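Trainee: So I've got this file, protein36.csv, and it contains CSV, C-alpha atoms:
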chain,number,residue,atom,x,y,z
A,263,MET,CA,-4.5,-1.5,-55.1
A,264,ALA,CA,-7.5,-1.6,-57.5
A,265,ASP,CA,-4.8,-1.9,-60.2
A,266,ALA,CA,-3.4,-5.0,-58.6
A,267,GLN,CA,-6.8,-6.5,-58.3
A,268,HIS,CA,-7.5,-5.8,-61.9
A,269,GLN,CA,-4.3,-7.5,-62.9
A,270,LEU,CA,-5.0,-10.5,-60.7
A,271,GLN,CA,-8.5,-10.9,-62.2
A,272,ALA,CA,-7.0,-10.8,-65.8
A,273,LEU,CA,-4.3,-13.3,-64.8
A,274,SER,CA,-6.7,-15.7,-63.2
A,275,ASP,CA,-9.1,-15.5,-66.2
A,276,GLU,CA,-6.2,-16.3,-68.5
A,277,TYR,CA,-5.1,-19.1,-66.2
A,278,GLN,CA,-8.5,-20.6,-66.3
A,279,LYS,CA,-8.6,-20.4,-70.1
A,280,LEU,CA,-5.2,-22.1,-70.3
A,281,GLN,CA,-6.5,-24.9,-68.0
A,282,GLN,CA,-9.4,-25.4,-70.3
A,283,ASP,CA,-7.1,-25.6,-73.3
A,284,LEU,CA,-4.9,-28.0,-71.4
A,285,GLN,CA,-7.9,-30.2,-70.6
A,286,ASN,CA,-9.0,-30.2,-74.3
A,287,SER,CA,-5.5,-31.1,-75.4
A,288,ILE,CA,-5.3,-33.9,-72.9
A,289,ASN,CA,-8.6,-35.3,-74.1
A,290,SER,CA,-7.4,-35.3,-77.7
A,291,ARG,CA,-4.2,-37.0,-76.6
A,292,GLN,CA,-6.3,-39.7,-74.9
A,293,LYS,CA,-8.4,-40.2,-78.0
A,294,LEU,CA,-5.3,-40.5,-80.2
A,295,GLU,CA,-3.8,-43.0,-77.8
A,296,SER,CA,-6.8,-45.3,-78.0
A,297,GLN,CA,-6.8,-45.0,-81.8
A,298,GLN,CA,-3.1,-45.8,-81.9
A,299,GLN,CA,-3.8,-48.9,-79.7
A,300,GLU,CA,-6.6,-50.1,-82.0
A,301,ASN,CA,-4.5,-49.6,-85.1
A,302,LYS,CA,-1.6,-51.4,-83.5
A,303,GLY,CA,-3.8,-54.3,-82.8
A,304,VAL,CA,-5.0,-54.4,-86.4
A,305,GLN,CA,-1.4,-54.2,-87.6
A,306,LYS,CA,-0.4,-57.1,-85.4
A,307,GLU,CA,-3.3,-59.1,-86.6
A,308,PHE,CA,-2.5,-58.4,-90.3
A,309,ALA,CA,1.1,-59.4,-89.7
A,310,SER,CA,0.0,-62.9,-88.6
A,311,LEU,CA,-2.3,-63.3,-91.7
A,312,LYS,CA,-1.4,-65.2,-94.8
A,313,ASP,CA,-0.9,-63.0,-97.9
A,314,ASP,CA,-3.9,-64.5,-99.6
A,315,ALA,CA,-6.2,-63.9,-96.6
A,316,ASN,CA,-9.5,-62.3,-97.4
A,317,ILE,CA,-9.6,-58.8,-95.9
A,318,TYR,CA,-12.7,-56.6,-96.1
A,319,LYS,CA,-13.0,-52.9,-95.3
A,320,LEU,CA,-16.2,-51.4,-94.0
A,321,VAL,CA,-17.3,-48.6,-96.3
A,322,GLY,CA,-20.6,-47.2,-95.2
A,323,PRO,CA,-22.9,-50.2,-94.8
A,324,VAL,CA,-21.0,-52.6,-97.1
A,325,LEU,CA,-17.9,-54.6,-96.8
A,326,LEU,CA,-15.4,-54.2,-99.7
A,327,LYS,CA,-12.8,-56.7,-100.4
A,328,GLN,CA,-9.3,-55.4,-100.1
A,329,ASP,CA,-5.8,-56.5,-101.0
A,330,LYS,CA,-3.7,-57.3,-98.0
A,331,THR,CA,-0.8,-55.0,-99.1
A,332,GLU,CA,-3.3,-52.2,-99.5
A,333,ALA,CA,-4.9,-52.8,-96.1
A,334,VAL,CA,-1.5,-53.0,-94.5
A,335,MET,CA,-0.4,-49.8,-96.1
A,336,ALA,CA,-3.6,-48.0,-95.0
A,337,VAL,CA,-3.0,-49.1,-91.4
A,338,ASP,CA,0.7,-48.1,-91.5
A,339,GLY,CA,-0.3,-44.7,-92.9
A,340,ARG,CA,-2.8,-44.2,-90.2
A,341,LEU,CA,-0.3,-45.1,-87.5
A,342,GLU,CA,2.2,-42.7,-89.0
A,343,PHE,CA,-0.3,-39.9,-89.0
A,344,ILE,CA,-1.4,-40.7,-85.4
A,345,ASP,CA,2.3,-40.7,-84.3
A,346,LYS,CA,2.7,-37.2,-85.8
A,347,GLU,CA,-0.5,-36.0,-84.2
A,348,ILE,CA,0.6,-37.3,-80.8
A,349,ARG,CA,3.9,-35.5,-81.1
A,350,ARG,CA,2.1,-32.3,-82.1
A,351,ILE,CA,-0.4,-32.5,-79.2
A,352,GLU,CA,2.3,-33.3,-76.7
A,353,LYS,CA,4.2,-30.2,-77.7
A,354,GLN,CA,1.0,-28.3,-77.3
A,355,ILE,CA,0.4,-29.7,-73.9
A,356,LYS,CA,3.9,-28.8,-72.8
A,357,ASP,CA,3.6,-25.3,-74.1
A,358,VAL,CA,0.3,-24.7,-72.3
A,359,GLN,CA,1.7,-26.2,-69.1
A,360,GLU,CA,4.7,-23.9,-69.2
A,361,LYS,CA,2.5,-20.9,-69.9
A,362,SER,CA,0.1,-21.7,-67.1
A,363,ASP,CA,3.0,-22.3,-64.7
A,364,GLN,CA,4.3,-18.8,-65.5
A,365,ILE,CA,0.9,-17.2,-64.9
A,366,ARG,CA,0.6,-19.1,-61.7
A,367,SER,CA,3.8,-17.8,-60.3
A,368,GLN,CA,2.8,-14.3,-61.4
A,369,ILE,CA,-0.5,-14.7,-59.5
A,370,ILE,CA,1.3,-15.9,-56.4
A,371,GLN,CA,3.7,-13.0,-56.6
A,372,ILE,CA,0.9,-10.5,-56.9
A,373,GLN,CA,-1.0,-12.2,-54.0
A,374,SER,CA,2.1,-12.1,-51.8
A,375,GLU,CA,2.6,-8.4,-52.6
A,376,ALA,CA,-1.0,-7.4,-52.0
A,377,PRO,CA,-1.1,-7.7,-48.2
A,378,GLN,CA,2.1,-5.5,-48.0
A,379,ALA,CA,0.5,-2.9,-50.2
A,380,ALA,CA,-2.6,-3.0,-48.1
A,381,ALA,CA,-0.6,-2.6,-44.9
A,382,GLN,CA,1.2,0.4,-46.4
A,383,ALA,CA,-2.0,2.0,-47.4
A,384,VAL,CA,-3.2,1.7,-43.8
B,1140,MET,CA,0.9,-40.4,-61.2
B,1141,ALA,CA,0.2,-36.8,-60.2
B,1142,SER,CA,2.7,-36.4,-57.4
B,1143,PRO,CA,6.3,-36.0,-58.4
B,1144,LYS,CA,8.4,-39.1,-57.9
B,1145,GLY,CA,10.9,-39.5,-55.2
B,1146,GLN,CA,9.3,-36.9,-53.0
B,1147,THR,CA,7.5,-37.9,-49.9
B,1148,ILE,CA,5.3,-35.7,-47.9
B,1149,ASP,CA,4.1,-36.6,-44.4
B,1150,LEU,CA,0.3,-36.5,-44.6
B,1151,ALA,CA,0.0,-35.2,-41.1
B,1152,THR,CA,1.8,-32.0,-42.0
B,1153,LEU,CA,-0.9,-31.1,-44.6
B,1154,THR,CA,-3.9,-28.9,-43.7
B,1155,THR,CA,-7.4,-30.2,-43.8
B,1156,ALA,CA,-8.1,-28.2,-47.0
B,1157,GLN,CA,-5.0,-29.8,-48.7
B,1158,LEU,CA,-6.0,-33.2,-47.5
B,1159,SER,CA,-9.5,-32.9,-48.9
B,1160,GLN,CA,-8.0,-31.8,-52.2
B,1161,VAL,CA,-5.8,-34.9,-52.2
B,1162,LYS,CA,-8.9,-37.0,-51.3
B,1163,LYS,CA,-10.9,-35.5,-54.1
B,1164,GLN,CA,-8.1,-36.2,-56.6
B,1165,LEU,CA,-7.9,-39.8,-55.4
B,1166,ASP,CA,-11.6,-40.1,-55.6
B,1167,ASP,CA,-11.6,-38.9,-59.2
B,1168,GLU,CA,-8.8,-41.2,-60.2
B,1169,LEU,CA,-10.5,-44.2,-58.5
B,1170,GLU,CA,-13.7,-43.5,-60.3
B,1171,HIS,CA,-12.0,-43.2,-63.6
B,1172,LEU,CA,-10.2,-46.5,-63.0
B,1173,THR,CA,-13.3,-48.3,-61.9
B,1174,ASN,CA,-15.1,-47.1,-65.0
B,1175,SER,CA,-12.3,-48.5,-67.2
B,1176,PHE,CA,-12.5,-51.7,-65.2
B,1177,THR,CA,-16.2,-52.1,-66.0
B,1178,GLN,CA,-15.6,-51.3,-69.6
B,1179,LEU,CA,-12.9,-53.9,-69.9
B,1180,ARG,CA,-15.1,-56.4,-68.2
B,1181,ALA,CA,-17.9,-55.7,-70.7
B,1182,ALA,CA,-15.5,-56.0,-73.6
B,1183,GLN,CA,-14.2,-59.4,-72.3
B,1184,ALA,CA,-17.8,-60.6,-71.9
B,1185,LYS,CA,-18.5,-59.6,-75.5
B,1186,PHE,CA,-15.6,-61.6,-76.8
B,1187,ARG,CA,-16.7,-64.6,-74.7
B,1188,GLU,CA,-20.1,-64.3,-76.3
B,1189,CYS,CA,-18.4,-64.4,-79.7
B,1190,LEU,CA,-16.6,-67.6,-78.7
B,1191,ARG,CA,-19.8,-69.2,-77.5
B,1192,SER,CA,-21.5,-68.2,-80.8
B,1193,ILE,CA,-18.8,-69.8,-82.9
B,1194,ALA,CA,-18.9,-72.9,-80.8
B,1195,GLY,CA,-22.6,-73.3,-80.9
B,1196,GLY,CA,-23.7,-71.6,-84.1
B,1197,VAL,CA,-21.0,-72.1,-86.7
B,1198,THR,CA,-20.3,-75.8,-86.9
B,1199,PRO,CA,-20.8,-78.3,-89.8
B,1200,LYS,CA,-23.6,-79.7,-87.7
B,1201,VAL,CA,-25.7,-76.6,-88.4
B,1202,GLU,CA,-25.2,-76.9,-92.2
B,1203,GLY,CA,-28.4,-77.3,-94.1
B,1204,LYS,CA,-30.6,-76.5,-91.1
B,1205,PRO,CA,-32.7,-73.4,-91.3
B,1206,ILE,CA,-31.8,-70.6,-89.0
B,1207,LEU,CA,-33.4,-67.2,-88.3
B,1208,VAL,CA,-31.2,-64.3,-89.2
B,1209,PRO,CA,-31.8,-61.1,-87.3
B,1210,LEU,CA,-32.1,-58.1,-89.6
B,1211,THR,CA,-33.1,-55.8,-86.8
B,1212,THR,CA,-33.7,-56.7,-83.1
B,1213,SER,CA,-37.3,-57.5,-83.9
B,1214,LEU,CA,-37.2,-58.6,-87.6
B,1215,TYR,CA,-35.9,-62.0,-88.6
B,1216,VAL,CA,-35.7,-63.9,-91.9
B,1217,PRO,CA,-35.1,-67.6,-92.4
B,1218,GLY,CA,-31.9,-68.7,-93.9
B,1219,THR,CA,-29.3,-71.4,-94.0
B,1220,LEU,CA,-25.6,-71.2,-93.2
B,1221,ALA,CA,-23.8,-71.3,-96.5
B,1222,ASP,CA,-20.3,-71.7,-95.1
B,1223,PRO,CA,-19.8,-73.4,-91.7
B,1224,GLU,CA,-16.0,-73.3,-91.9
B,1225,ASN,CA,-15.3,-69.6,-92.1
B,1226,VAL,CA,-16.4,-66.5,-90.3
B,1227,ILE,CA,-15.6,-62.9,-90.8
B,1228,VAL,CA,-14.0,-61.2,-87.8
B,1229,ASP,CA,-14.0,-57.5,-87.0
B,1230,VAL,CA,-10.4,-56.8,-86.2
B,1231,GLY,CA,-10.9,-53.1,-85.5
B,1232,THR,CA,-10.8,-49.7,-87.3
B,1233,GLY,CA,-13.3,-50.9,-90.0
B,1234,PHE,CA,-11.3,-53.9,-91.1
B,1235,TYR,CA,-12.8,-57.4,-91.3
B,1236,VAL,CA,-10.9,-60.6,-91.9
B,1237,GLU,CA,-12.2,-63.9,-93.1
B,1238,LYS,CA,-11.0,-66.6,-90.8
B,1239,SER,CA,-11.6,-70.3,-90.3
B,1240,THR,CA,-13.6,-71.0,-87.2
B,1241,LYS,CA,-10.5,-72.4,-85.5
B,1242,ASP,CA,-8.5,-69.3,-86.2
B,1243,ALA,CA,-11.4,-67.1,-85.1
B,1244,THR,CA,-11.7,-69.0,-81.8
B,1245,LYS,CA,-7.9,-68.6,-81.3
B,1246,PHE,CA,-8.3,-64.9,-82.1
B,1247,TYR,CA,-11.0,-64.4,-79.5
B,1248,GLU,CA,-9.3,-66.5,-76.9
B,1249,ALA,CA,-6.2,-64.3,-77.3
B,1250,LYS,CA,-8.4,-61.2,-76.9
B,1251,VAL,CA,-10.0,-62.5,-73.8
B,1252,GLU,CA,-6.6,-63.4,-72.3
B,1253,GLU,CA,-5.2,-60.0,-73.2
B,1254,LEU,CA,-8.1,-58.3,-71.5
B,1255,GLY,CA,-7.8,-60.6,-68.5
B,1256,ALA,CA,-4.1,-59.5,-68.1
B,1257,ASN,CA,-5.2,-55.9,-68.4
B,1258,LEU,CA,-7.9,-56.4,-65.8
B,1259,LYS,CA,-5.5,-57.9,-63.4
B,1260,ASP,CA,-3.1,-55.0,-63.8
B,1261,LEU,CA,-5.9,-52.6,-63.3
B,1262,GLU,CA,-7.2,-54.4,-60.3
B,1263,SER,CA,-3.8,-54.0,-58.5
B,1264,ILE,CA,-3.7,-50.3,-59.4
B,1265,VAL,CA,-7.2,-49.8,-58.1
B,1266,GLN,CA,-6.3,-51.6,-54.9
B,1267,GLY,CA,-3.3,-49.4,-54.4
B,1268,LYS,CA,-5.3,-46.3,-55.0
B,1269,SER,CA,-8.0,-47.5,-52.5
B,1270,ASN,CA,-5.3,-48.0,-49.9
B,1271,ASN,CA,-4.0,-44.5,-50.5
B,1272,LEU,CA,-7.5,-43.1,-50.2
B,1273,ARG,CA,-8.1,-44.9,-47.0
B,1274,VAL,CA,-4.9,-43.6,-45.4
B,1275,VAL,CA,-5.7,-40.1,-46.5
B,1276,GLU,CA,-9.3,-40.4,-45.2
B,1277,ASP,CA,-7.9,-41.6,-41.8
B,1278,VAL,CA,-5.6,-38.7,-41.4
B,1279,LEU,CA,-8.3,-36.3,-42.5
B,1280,ARG,CA,-10.7,-37.7,-39.9
B,1281,GLN,CA,-8.1,-37.4,-37.2
B,1282,LYS,CA,-7.4,-33.9,-38.2
B,1283,VAL,CA,-11.0,-32.9,-38.1
B,1284,LEU,CA,-11.6,-34.6,-34.8
B,1285,SER,CA,-8.6,-33.1,-33.1
B,1286,ALA,CA,-9.5,-29.7,-34.5
B,1287,SER,CA,-13.1,-29.8,-33.2
B,1288,SER,CA,-12.0,-31.1,-29.8
B,1289,ALA,CA,-9.4,-28.3,-29.6
B,1290,ALA,CA,-12.1,-25.8,-30.6
B,1291,SER,CA,-14.5,-27.1,-27.9
B,1292,ALA,CA,-11.6,-27.0,-25.4
B,1293,SER,CA,-10.7,-23.4,-26.1
B,1294,THR,CA,-14.4,-22.3,-25.9
B,1295,SER,CA,-14.9,-24.1,-22.6
B,1296,THR,CA,-11.8,-22.4,-21.1
B,1297,SER,CA,-12.6,-18.9,-22.2
Take the structure in the file and give it back as structure tokens.
Mentor:
Amino acid sequence: MADAQHQLQALSDEYQKLQQDLQNSINSRQKLESQQQENKGVQKEFASLKDDANIYKLVGPVLLKQDKTEAVMAVDGRLEFIDKEIRRIEKQIKDVQEKSDQIRSQIIQIQSEAPQAAAQAV
Amino acid sequence: MASPKGQTIDLATLTTAQLSQVKKQLDDELEHLTNSFTQLRAAQAKFRECLRSIAGGVTPKVEGKPILVPLTTSLYVPGTLADPENVIVDVGTGFYVEKSTKDATKFYEAKVEELGANLKDLESIVQGKSNNLRVVEDVLRQKVLSASSAASASTSTS
């Protein structure tokens, strides 16, 4: 009986930890999403610009003039990186969800067995 | 969003504890959405402010006239507008693009419109969620009321 309680405690601790992980991953996913949106907006804006448009990049407190091709490449590179990160985080989220589902079913199983064990003990 | 699609549950079959959980979840979602709504509103107002600034501050009319340029919120230096035709627009992620005032106005108008469309979408979502919340609250209230009347009935009979 104490054994089952021990196990239950360990499982619920782990479950809580996984939920925390899940929350963290979801937060990073949201951050990536907003970065992706912003970069997509910039990409769209660049696409509508003339090739000789003056583009500046904010570096610290100063604006540096930049070539359009260079700027476009930088944004494309960023979007590619963000895409990869999003895929990575999504996989992470899926893994954590699967794991926490497993633990939840284990907890439910132990909980449903516990009353029977208690009844037998009496 | 959270509930699986294509599966309907009669709210009346849920226990009060489950109902309050649903209510809490809806409350959280609603709060999150209203926050986003306020943020979008603020962003839209900011772009509108930019439009006004271009219309009133960057025109050939101002050329040659002295203006006060804010260096900080409390320190100003006198200056004149060197180029009344072009402005530099922050397009996001640290990139700035030089645009003519006409193009910049178009840019900001498009932004305001885009945000307006988002706000409209969000508004209908918020409305739907509020409706859901109201229904859940109604059912919850009925449950609590009937439970308390049943409890008082059983105590009076015993």
Trainee: Specify as a tab-separated table (two decimals) with C-alpha atoms, keeping the file's coordinate frame all residues of chain A found within 12 Å of chain B, counting only C-alpha atoms.
Mentor:
chain	number	residue	atom	x	y	z
A	296	SER	CA	-6.80	-45.30	-78.00
A	297	GLN	CA	-6.80	-45.00	-81.80
A	298	GLN	CA	-3.10	-45.80	-81.90
A	299	GLN	CA	-3.80	-48.90	-79.70
A	300	GLU	CA	-6.60	-50.10	-82.00
A	301	ASN	CA	-4.50	-49.60	-85.10
A	302	LYS	CA	-1.60	-51.40	-83.50
A	303	GLY	CA	-3.80	-54.30	-82.80
A	304	VAL	CA	-5.00	-54.40	-86.40
A	305	GLN	CA	-1.40	-54.20	-87.60
A	306	LYS	CA	-0.40	-57.10	-85.40
A	307	GLU	CA	-3.30	-59.10	-86.60
A	308	PHE	CA	-2.50	-58.40	-90.30
A	310	SER	CA	0.00	-62.90	-88.60
A	311	LEU	CA	-2.30	-63.30	-91.70
A	312	LYS	CA	-1.40	-65.20	-94.80
A	313	ASP	CA	-0.90	-63.00	-97.90
A	314	ASP	CA	-3.90	-64.50	-99.60
A	315	ALA	CA	-6.20	-63.90	-96.60
A	316	ASN	CA	-9.50	-62.30	-97.40
A	317	ILE	CA	-9.60	-58.80	-95.90
A	318	TYR	CA	-12.70	-56.60	-96.10
A	319	LYS	CA	-13.00	-52.90	-95.30
A	320	LEU	CA	-16.20	-51.40	-94.00
A	321	VAL	CA	-17.30	-48.60	-96.30
A	322	GLY	CA	-20.60	-47.20	-95.20
A	323	PRO	CA	-22.90	-50.20	-94.80
A	324	VAL	CA	-21.00	-52.60	-97.10
A	325	LEU	CA	-17.90	-54.60	-96.80
A	326	LEU	CA	-15.40	-54.20	-99.70
A	327	LYS	CA	-12.80	-56.70	-100.40
A	328	GLN	CA	-9.30	-55.40	-100.10
A	329	ASP	CA	-5.80	-56.50	-101.00
A	330	LYS	CA	-3.70	-57.30	-98.00
A	332	GLU	CA	-3.30	-52.20	-99.50
A	333	ALA	CA	-4.90	-52.80	-96.10
A	334	VAL	CA	-1.50	-53.00	-94.50
A	336	ALA	CA	-3.60	-48.00	-95.00
A	337	VAL	CA	-3.00	-49.10	-91.40
A	340	ARG	CA	-2.80	-44.20	-90.20
A	341	LEU	CA	-0.30	-45.10	-87.50
Trainee: Measuring atom to atom with all atoms listed in the file, identify which of B:Thr1240, B:Asn1174, B:Gln1146, B:Thr1211 is nearest to Leu1190 of chain B.
Mentor: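 Among the listed residues, B:Thr1240 lies closest to Leu1190 of chain B.
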Trainee: Which residue, B:His1171, B:Glu1224, B:Ser1293, B:Val1278, has the smallest gap to Gln1157 of chain B when you use all atoms listed in the file?
Mentor: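 Between B:His1171, B:Glu1224, B:Ser1293, B:Val1278, the residue approaching Gln1157 of chain B most closely is B:Val1278.
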Trainee: Tell me, in Å to one decimal, how far atom CA of Ser290 of chain A is from atom CA of Leu1165 of chain B.
Mentor: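 Those two atoms sit 22.8 Å apart.
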Trainee: For Glu1253 of chain B, which residue among B:Leu1179, B:Val1216, B:Cys1189, B:Leu1158 is the nearest when counting all atoms listed in the file?
Mentor: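 Nearest candidate to Glu1253 of chain B out of B:Leu1179, B:Val1216, B:Cys1189, B:Leu1158: B:Leu1179.
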Trainee: Need to verify the contact set: Val1265 of chain B, 10 Å, only C-alpha atoms, exclusion of same-chain residues closer than 5 positions in sequence. Can you return it as a list of chain:residue names?
Mentor: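 After dropping sequence-adjacent residues, the list is B:Glu1168, B:Leu1169, B:Glu1170, B:His1171, B:Leu1172, B:Thr1173, B:Phe1176, B:Lys1259, B:Asp1260, B:Asn1270, B:Asn1271.
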Trainee: Just the selected residues (C-alpha atoms), exported as a compact mmCIF listing (two decimals), in the coordinates of the input, please.
Mentor:
# COMPACT_ATOMS: atom_id res chain seq x y z
CA GLU B 1168 -8.80 -41.20 -60.20
CA LEU B 1169 -10.50 -44.20 -58.50
CA GLU B 1170 -13.70 -43.50 -60.30
CA HIS B 1171 -12.00 -43.20 -63.60
CA LEU B 1172 -10.20 -46.50 -63.00
CA THR B 1173 -13.30 -48.30 -61.90
CA PHE B 1176 -12.50 -51.70 -65.20
CA LYS B 1259 -5.50 -57.90 -63.40
CA ASP B 1260 -3.10 -55.00 -63.80
CA ASN B 1270 -5.30 -48.00 -49.90
CA ASN B 1271 -4.00 -44.50 -50.50
Trainee: Padding of 3 Å on every side, edges along x, y and z, all listed atoms of segment 1203-1208 of chain B included: what centre and edge lengths in Å, to one decimal, does that box have, as lines of an AutoDock Vina configuration file?
Mentor:
center_x = -30.9
center_y = -70.8
center_z = -91.2
size_x = 11.0
size_y = 19.0
size_z = 11.8
Trainee: Rounded to one decimal in Å, what is the spacing between atom CA of Ile1193 of chain B and atom CA of Ala1243 of chain B?
Mentor: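 Atom-to-atom, atom CA of Ile1193 of chain B and atom CA of Ala1243 of chain B are spaced 8.2 Å apart.
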Trainee: In Å, rounded to a single decimal, give me how far atom CA of Ile288 of chain A is from atom CA of Ile351 of chain A.
Mentor: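 Taking atom CA of Ile351 of chain A as the start and atom CA of Ile288 of chain A as the end point, the length is 8.1 Å.
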Trainee: For Phe1186 of chain B, work out the shell of residues within 10 Å, counting only C-alpha atoms and skipping chain neighbours fewer than 4 positions away, then give it as a VMD selection string.
Mentor: chain B and resid 1181 to 1182 1190 to 1192 1244 1246 to 1251 1254
Trainee: Taking (-15.8, -75.4, -89.0) in the file's coordinates as the center, which residues reach within 7 Å of it, counting all atoms listed in the file, put as a PyMOL selection string?
Mentor: chain B and resi 1197-1199+1223-1225+1239-1240
Trainee: I need the residue nearest Thr331 of chain A from this list: A:Asp357, A:Asp283, A:Glu295, A:Ala309. Use only C-alpha atoms for the distance.
Mentor: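 Answer, going by the shortest atom-to-atom distance: A:Ala309.
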